[in-house]
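A.B. asks: Next comes the structure file structure35.csv, holding CSV, C-alpha atoms.
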chain,number,residue,atom,x,y,z
W,10,MET,CA,5.8,58.8,86.8
W,11,THR,CA,5.7,58.9,83.0
W,12,SER,CA,2.8,57.1,81.4
W,13,ASP,CA,4.9,55.9,78.5
W,14,ARG,CA,6.4,52.7,80.0
W,15,SER,CA,8.5,52.1,76.9
W,16,ARG,CA,10.7,55.0,77.9
W,17,VAL,CA,11.4,53.5,81.4
W,18,PHE,CA,14.6,51.5,81.8
W,19,ASP,CA,14.7,48.9,84.7
W,20,SER,CA,18.1,47.7,85.5
W,21,ARG,CA,16.7,44.3,86.7
W,22,SER,CA,16.0,43.4,83.1
W,23,SER,CA,19.4,44.5,81.8
W,24,SER,CA,22.5,42.3,81.1
W,25,SER,CA,24.0,43.3,84.5
W,26,PRO,CA,21.3,43.7,87.1
W,27,GLY,CA,22.0,45.0,90.6
W,28,LEU,CA,21.2,43.4,93.9
W,29,GLY,CA,17.8,44.8,94.6
W,30,TYR,CA,16.5,48.1,96.0
W,31,PRO,CA,18.0,48.9,99.4
W,32,SER,CA,16.4,49.4,102.7
W,33,CYS,CA,17.7,52.7,104.1
W,34,ARG,CA,18.3,51.3,107.5
W,35,THR,CA,22.0,51.5,108.0
W,36,ASP,CA,22.1,48.2,109.9
W,37,LEU,CA,20.8,46.5,106.7
W,38,CYS,CA,23.2,48.3,104.3
W,39,ARG,CA,25.0,45.7,102.3
W,40,LEU,CA,28.8,45.3,102.1
W,41,PRO,CA,30.7,47.0,99.3
W,42,VAL,CA,30.1,45.3,95.9
W,43,ASN,CA,33.8,44.5,95.4
W,44,ARG,CA,36.0,43.0,98.0
W,45,SER,CA,38.4,41.1,95.8
W,46,ASP,CA,41.9,42.0,94.6
W,47,PRO,CA,42.8,39.3,92.0
W,48,HIS,CA,46.3,40.6,91.2
W,49,GLY,CA,47.0,42.6,94.4
W,50,TYR,CA,46.7,46.0,92.6
W,51,TYR,CA,44.7,47.7,95.4
W,52,ALA,CA,47.0,46.3,98.1
W,53,GLU,CA,50.0,47.6,96.0
W,54,LEU,CA,48.6,51.1,96.2
W,55,GLY,CA,47.5,50.7,99.9
W,56,VAL,CA,43.8,51.1,99.4
W,57,PRO,CA,40.8,48.7,99.8
W,58,PRO,CA,39.1,47.2,96.7
W,59,TRP,CA,36.0,49.5,97.3
W,60,ALA,CA,38.1,52.7,97.3
W,61,ASP,CA,36.8,55.8,95.5
W,62,PRO,CA,38.8,57.1,92.5
W,63,GLN,CA,39.9,60.1,94.6
W,64,ASP,CA,41.4,57.8,97.2
W,65,ILE,CA,43.2,55.7,94.5
W,66,ARG,CA,44.5,58.9,92.9
W,67,ALA,CA,45.8,60.2,96.2
W,68,ALA,CA,47.5,56.9,97.1
W,69,ALA,CA,49.2,56.8,93.7
W,70,ARG,CA,50.5,60.3,94.2
W,71,ARG,CA,52.0,59.5,97.5
W,72,LEU,CA,53.8,56.6,96.0
W,73,TYR,CA,55.0,58.7,93.1
W,74,ARG,CA,56.6,61.1,95.5
W,75,ALA,CA,58.2,58.4,97.5
W,76,LEU,CA,59.6,56.4,94.5
W,77,HIS,CA,60.6,59.2,92.2
W,78,PRO,CA,64.4,59.2,91.5
W,79,ASP,CA,64.7,62.9,92.0
W,80,THR,CA,62.6,63.7,95.0
W,81,GLY,CA,61.6,60.3,96.5
W,82,GLU,CA,62.6,59.0,99.9
W,83,ARG,CA,62.8,55.5,98.4
W,84,PRO,CA,63.8,56.0,94.8
W,85,ASP,CA,62.8,53.0,92.6
W,86,PRO,CA,62.2,53.9,89.0
W,87,ALA,CA,61.0,50.3,88.1
W,88,ARG,CA,58.4,50.2,90.8
W,89,LEU,CA,57.4,53.8,90.0
W,90,GLN,CA,56.6,52.8,86.4
W,91,ARG,CA,54.6,49.8,87.7
W,92,VAL,CA,52.6,52.0,90.1
W,93,LYS,CA,51.7,54.3,87.2
W,94,LEU,CA,50.4,51.3,85.2
W,95,VAL,CA,48.4,49.9,88.2
W,96,ALA,CA,46.9,53.4,88.8
W,97,ASP,CA,46.0,53.7,85.1
W,98,VAL,CA,44.0,50.4,85.3
W,99,LEU,CA,42.2,51.3,88.5
W,100,LEU,CA,41.4,54.8,87.5
W,101,ASP,CA,39.8,53.7,84.1
W,102,PRO,CA,36.2,52.7,84.9
W,103,VAL,CA,36.1,50.1,82.1
W,104,GLU,CA,39.5,48.5,83.0
W,105,ARG,CA,38.8,48.6,86.7
W,106,ALA,CA,35.5,46.7,86.1
W,107,ARG,CA,37.3,44.1,84.1
W,108,TYR,CA,39.9,43.7,86.8
W,109,ASP,CA,37.4,43.4,89.6
W,110,ARG,CA,35.6,40.5,87.9
W,111,THR,CA,38.8,38.6,87.0
W,112,PRO,CA,38.2,35.1,88.5
W,113,PRO,CA,40.8,33.3,90.6
W,114,GLY,CA,43.5,31.6,88.5
W,115,LYS,CA,43.0,33.9,85.5
W,116,ARG,CA,45.2,36.8,84.5
W,117,LEU,CA,43.8,40.0,83.0
W,118,LEU,CA,45.7,41.2,79.9
W,119,ASP,CA,46.0,44.8,81.0
W,120,LYS,CA,48.7,47.5,80.9
W,121,VAL,CA,50.5,45.9,83.9
W,122,TYR,CA,50.6,42.4,82.4
W,123,ARG,CA,51.6,43.7,79.0
W,124,SER,CA,54.6,45.4,80.6
W,125,GLU,CA,55.5,42.1,82.3
W,126,LEU,CA,55.1,40.1,79.1
W,127,SER,CA,57.4,42.5,77.2
W,128,ALA,CA,60.3,41.4,79.4
W,129,MET,CA,59.5,37.7,78.9
W,130,ASP,CA,60.3,35.1,76.2
W,131,LEU,CA,57.0,33.7,75.0
W,132,SER,CA,58.2,31.7,72.1
W,133,GLY,CA,56.6,28.3,72.0
W,134,VAL,CA,53.6,29.3,74.1
W,135,ASP,CA,50.3,28.0,72.9
W,136,PRO,CA,48.1,31.0,71.9
W,137,GLY,CA,45.0,29.1,72.7
W,138,LEU,CA,46.2,28.5,76.3
W,139,VAL,CA,46.8,32.2,76.7
W,140,GLU,CA,43.3,33.1,75.4
W,141,ASP,CA,41.7,30.6,77.8
W,142,LEU,CA,43.6,32.0,80.8
W,143,LEU,CA,42.7,35.6,79.9
W,144,ARG,CA,39.0,35.0,79.0
W,145,GLN,CA,36.7,37.2,81.0
W,146,PRO,CA,33.4,36.0,82.7
W,147,PRO,CA,30.2,37.9,81.9
W,148,PRO,CA,29.6,40.9,84.1
W,149,ARG,CA,27.7,40.2,87.3
W,150,GLY,CA,25.3,42.5,89.2
W,151,ARG,CA,27.0,45.7,90.5
W,152,GLY,CA,25.3,48.1,92.8
W,153,PHE,CA,21.6,48.6,93.5
W,154,ASP,CA,18.9,48.3,90.9
W,155,TYR,CA,17.5,51.5,89.6
W,156,LEU,CA,15.0,53.0,87.1
W,157,SER,CA,15.6,55.7,84.4
W,158,VAL,CA,13.6,57.5,81.7
W,159,ASP,CA,15.2,57.7,78.3
W,160,HIS,CA,18.2,55.7,79.6
W,161,ARG,CA,21.7,57.0,79.2
W,162,PRO,CA,25.1,55.3,79.8
W,163,GLY,CA,25.9,57.4,82.9
W,164,ASP,CA,22.6,56.7,84.7
W,165,ALA,CA,23.9,53.6,86.6
W,166,ASP,CA,26.8,55.5,88.2
W,167,LEU,CA,24.4,58.5,89.0
W,168,ALA,CA,21.9,56.2,90.6
W,169,GLN,CA,24.5,54.5,92.8
W,170,ARG,CA,25.8,57.8,94.1
W,171,TRP,CA,22.2,58.8,94.9
W,172,TYR,CA,21.7,55.6,96.8
W,173,ALA,CA,24.8,56.3,98.8
W,174,GLY,CA,23.4,59.7,99.8
W,175,PHE,CA,20.0,58.3,100.7
W,176,VAL,CA,21.5,55.6,102.9
W,177,ARG,CA,23.5,58.2,104.8
W,178,ALA,CA,20.6,60.7,105.1
W,179,ALA,CA,17.7,58.3,105.9
W,180,PRO,CA,18.7,57.6,109.6
W,181,VAL,CA,18.9,61.4,110.2
W,182,VAL,CA,15.3,61.9,109.2
W,183,GLY,CA,14.0,58.6,110.5
W,184,TYR,CA,13.2,57.1,107.1
W,185,ARG,CA,12.9,53.3,107.4
W,186,ARG,CA,11.3,52.2,104.1
W,187,ARG,CA,12.9,50.8,101.0
W,188,ILE,CA,13.7,53.3,98.3
W,189,LYS,CA,14.0,53.1,94.5
W,190,VAL,CA,15.9,55.7,92.5
W,191,LEU,CA,14.5,56.9,89.2
W,192,VAL,CA,16.8,59.1,87.1
W,193,HIS,CA,15.1,61.4,84.6
W,194,ASP,CA,15.1,64.8,83.0
W,195,GLY,CA,12.1,66.1,85.0
W,196,PRO,CA,11.6,67.6,88.4
W,197,PRO,CA,12.1,65.7,91.6
W,198,PHE,CA,9.1,63.8,93.1
W,199,PHE,CA,8.4,60.9,95.4
W,200,HIS,CA,5.8,58.1,94.6
W,201,ALA,CA,4.8,56.8,98.0
W,202,ASP,CA,3.0,53.6,96.8
W,203,THR,CA,6.1,52.3,95.0
W,204,SER,CA,8.8,54.0,97.1
W,205,VAL,CA,10.2,55.6,94.0
W,206,MET,CA,12.3,58.7,94.4
W,207,ALA,CA,12.7,60.5,91.1
W,208,VAL,CA,15.8,62.7,90.9
W,209,PRO,CA,16.8,65.1,88.1
W,210,ARG,CA,19.5,63.8,85.9
W,211,GLY,CA,21.3,67.1,86.0
W,212,TRP,CA,21.6,67.2,89.8
W,213,ARG,CA,24.8,66.3,91.4
W,214,PRO,CA,24.2,63.6,94.1
W,215,SER,CA,25.1,64.5,97.7
W,216,THR,CA,24.0,63.6,101.2
W,217,ALA,CA,22.6,67.1,101.7
W,218,LEU,CA,20.4,66.9,98.6
W,219,ALA,CA,19.2,63.4,99.6
W,220,PHE,CA,18.3,64.7,103.0
W,221,ALA,CA,16.3,67.6,101.4
W,222,LEU,CA,14.5,65.2,99.0
W,223,LEU,CA,13.5,62.9,101.9
W,224,ARG,CA,12.2,65.9,103.9
W,225,VAL,CA,10.5,67.8,101.1
W,226,GLU,CA,9.4,65.3,98.5
W,227,ALA,CA,8.8,62.2,100.7
W,228,GLY,CA,7.3,64.4,103.4
W,229,VAL,CA,9.4,62.8,106.2
W,230,SER,CA,9.2,64.8,109.4
W,231,LEU,CA,11.2,64.5,112.5
W,232,PRO,CA,9.8,66.5,115.5
W,233,GLY,CA,12.4,68.3,117.5
W,234,PHE,CA,15.1,68.1,114.8
W,235,VAL,CA,16.9,71.4,114.1
W,236,GLY,CA,19.2,72.0,111.2
W,237,ALA,CA,20.4,69.8,108.3
W,238,PRO,CA,23.7,68.1,107.6
W,239,SER,CA,26.1,70.1,105.5
Translate the structure of the given file into structure tokens.
C.D. replies:
Amino acid sequence: MTSDRSRVFDSRSSSSPGLGYPSCRTDLCRLPVNRSDPHGYYAELGVPPWADPQDIRAAARRLYRALHPDTGERPDPARLQRVKLVADVLLDPVERARYDRTPPGKRLLDKVYRSELSAMDLSGVDPGLVEDLLRQPPPRGRGFDYLSVDHRPGDADLAQRWYAGFVRAAPVVGYRRRIKVLVHDGPPFFHADTSVMAVPRGWRPSTALAFALLRVEAGVSLPGFVGAPS
């Protein structure tokens, strides 16, 4: 790894650390980070709280078609507009993160709630009470901890996608150790003493590439294995 430690970012010392480095044993893989649905948005679209953006987008499109007044099987313009607002919140990474960490009993002032408020008479409501109800807690740890050199805003998401690939690929090659992802602009390498797998920042994470990195860089061998996952 780089000898200039001042250039290395460690998420454990950040304002929103993760939950440690994962063991790649699938039976020890932790549950999804988010399993809450404070205002029922995920349920309204018919997806779980840990759904990928692609799944959220697909679910919203199905509802658009069903609710559209011209082509829908169950035309409902009012609900169609609400589904659009809910999808906007869940497909915006920043807004989704705020929604996911909304505590019980609190209401997030997002596009959906603003639409609801526009139809209500709020005269006489104490502004201080509204602020207290809508106040957000500080972010909590999300995902696994990671390292990066010359840290950039997108490194956290990149590292989480690499972890997902390694957790899927590890059982195939028989890898049973813990692994730490380091995102940087250099070539890939594996540091056996610290279990650090360095991945190029420009590479797109995938299970196939994670498989190849474990086999080539970490030197994991599996006698009798033929072929690699696609």
A.B. asks: Rounded to one decimal place, report the atom CA of W:Val95-atom CA of W:Arg170 distance in Å.
C.D. replies: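 The value is 24.7 Å.
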A.B. asks: Atom CA of W:Leu94 and atom CA of W:Pro162 are how many Å apart?
C.D. replies: 26.2 Å
A.B. asks: Grab the atom CA of W:Thr80 to atom CA of W:Ile65 distance for me, in Å with one decimal place.
C.D. replies: 21.0 Å
A.B. asks: Show me, as a ChimeraX atom specification, the residues that have an atom within 9 Å of W:Leu89 when counting all atoms listed in the file, minus same-chain residues fewer than 5 positions from it.
C.D. replies: /W:72-73,75-78,84,94
A.B. asks: List as a list in words the protein and nucleic acid residues near W:Gly49, meaning an atom at most 12 Å away when all atoms listed in the file are counted, but skip any in the same chain fewer than 2 places from it.
C.D. replies: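 Returned residues: Arg44, Ser45, Asp46, Pro47, Tyr51, Ala52, Glu53, Leu54, Gly55, Val56, Pro57, Pro58, Val92, Val95, Leu99, Tyr108, Asp109, Thr111, Pro113, Arg116 and Val121 of chain W.
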A.B. asks: Could you check the closest approach to W:Asp19 for each of W:Thr216, W:Ser157, W:Ser32, W:Thr203 and tell me which residue wins, using only C-alpha atoms?
C.D. replies: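 Among the listed residues, W:Ser157 lies closest to W:Asp19.
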A.B. asks: Can you list, as a PyMOL selection string, every protein, DNA or RNA residue that comes within 12 Å of W:Asp202 when you count all atoms listed in the file, leaving out same-chain residues fewer than 3 positions away?
C.D. replies: chain W and resi 10+186-189+199+205-206+227
A.B. asks: Which neighbours of W:Pro196 fall inside 8 Å, counting only C-alpha atoms, when residues of the same chain fewer than 6 positions from it are skipped, and could you give them as a ChimeraX atom specification?
C.D. replies: /W:207-209
A.B. asks: Here is a test: counting only C-alpha atoms, which residue of W:Gly114, W:Asp85, W:Tyr155, W:Gln90 is nearest to W:Ser22?
C.D. replies: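 Selected residue with least distance to W:Ser22: W:Tyr155.
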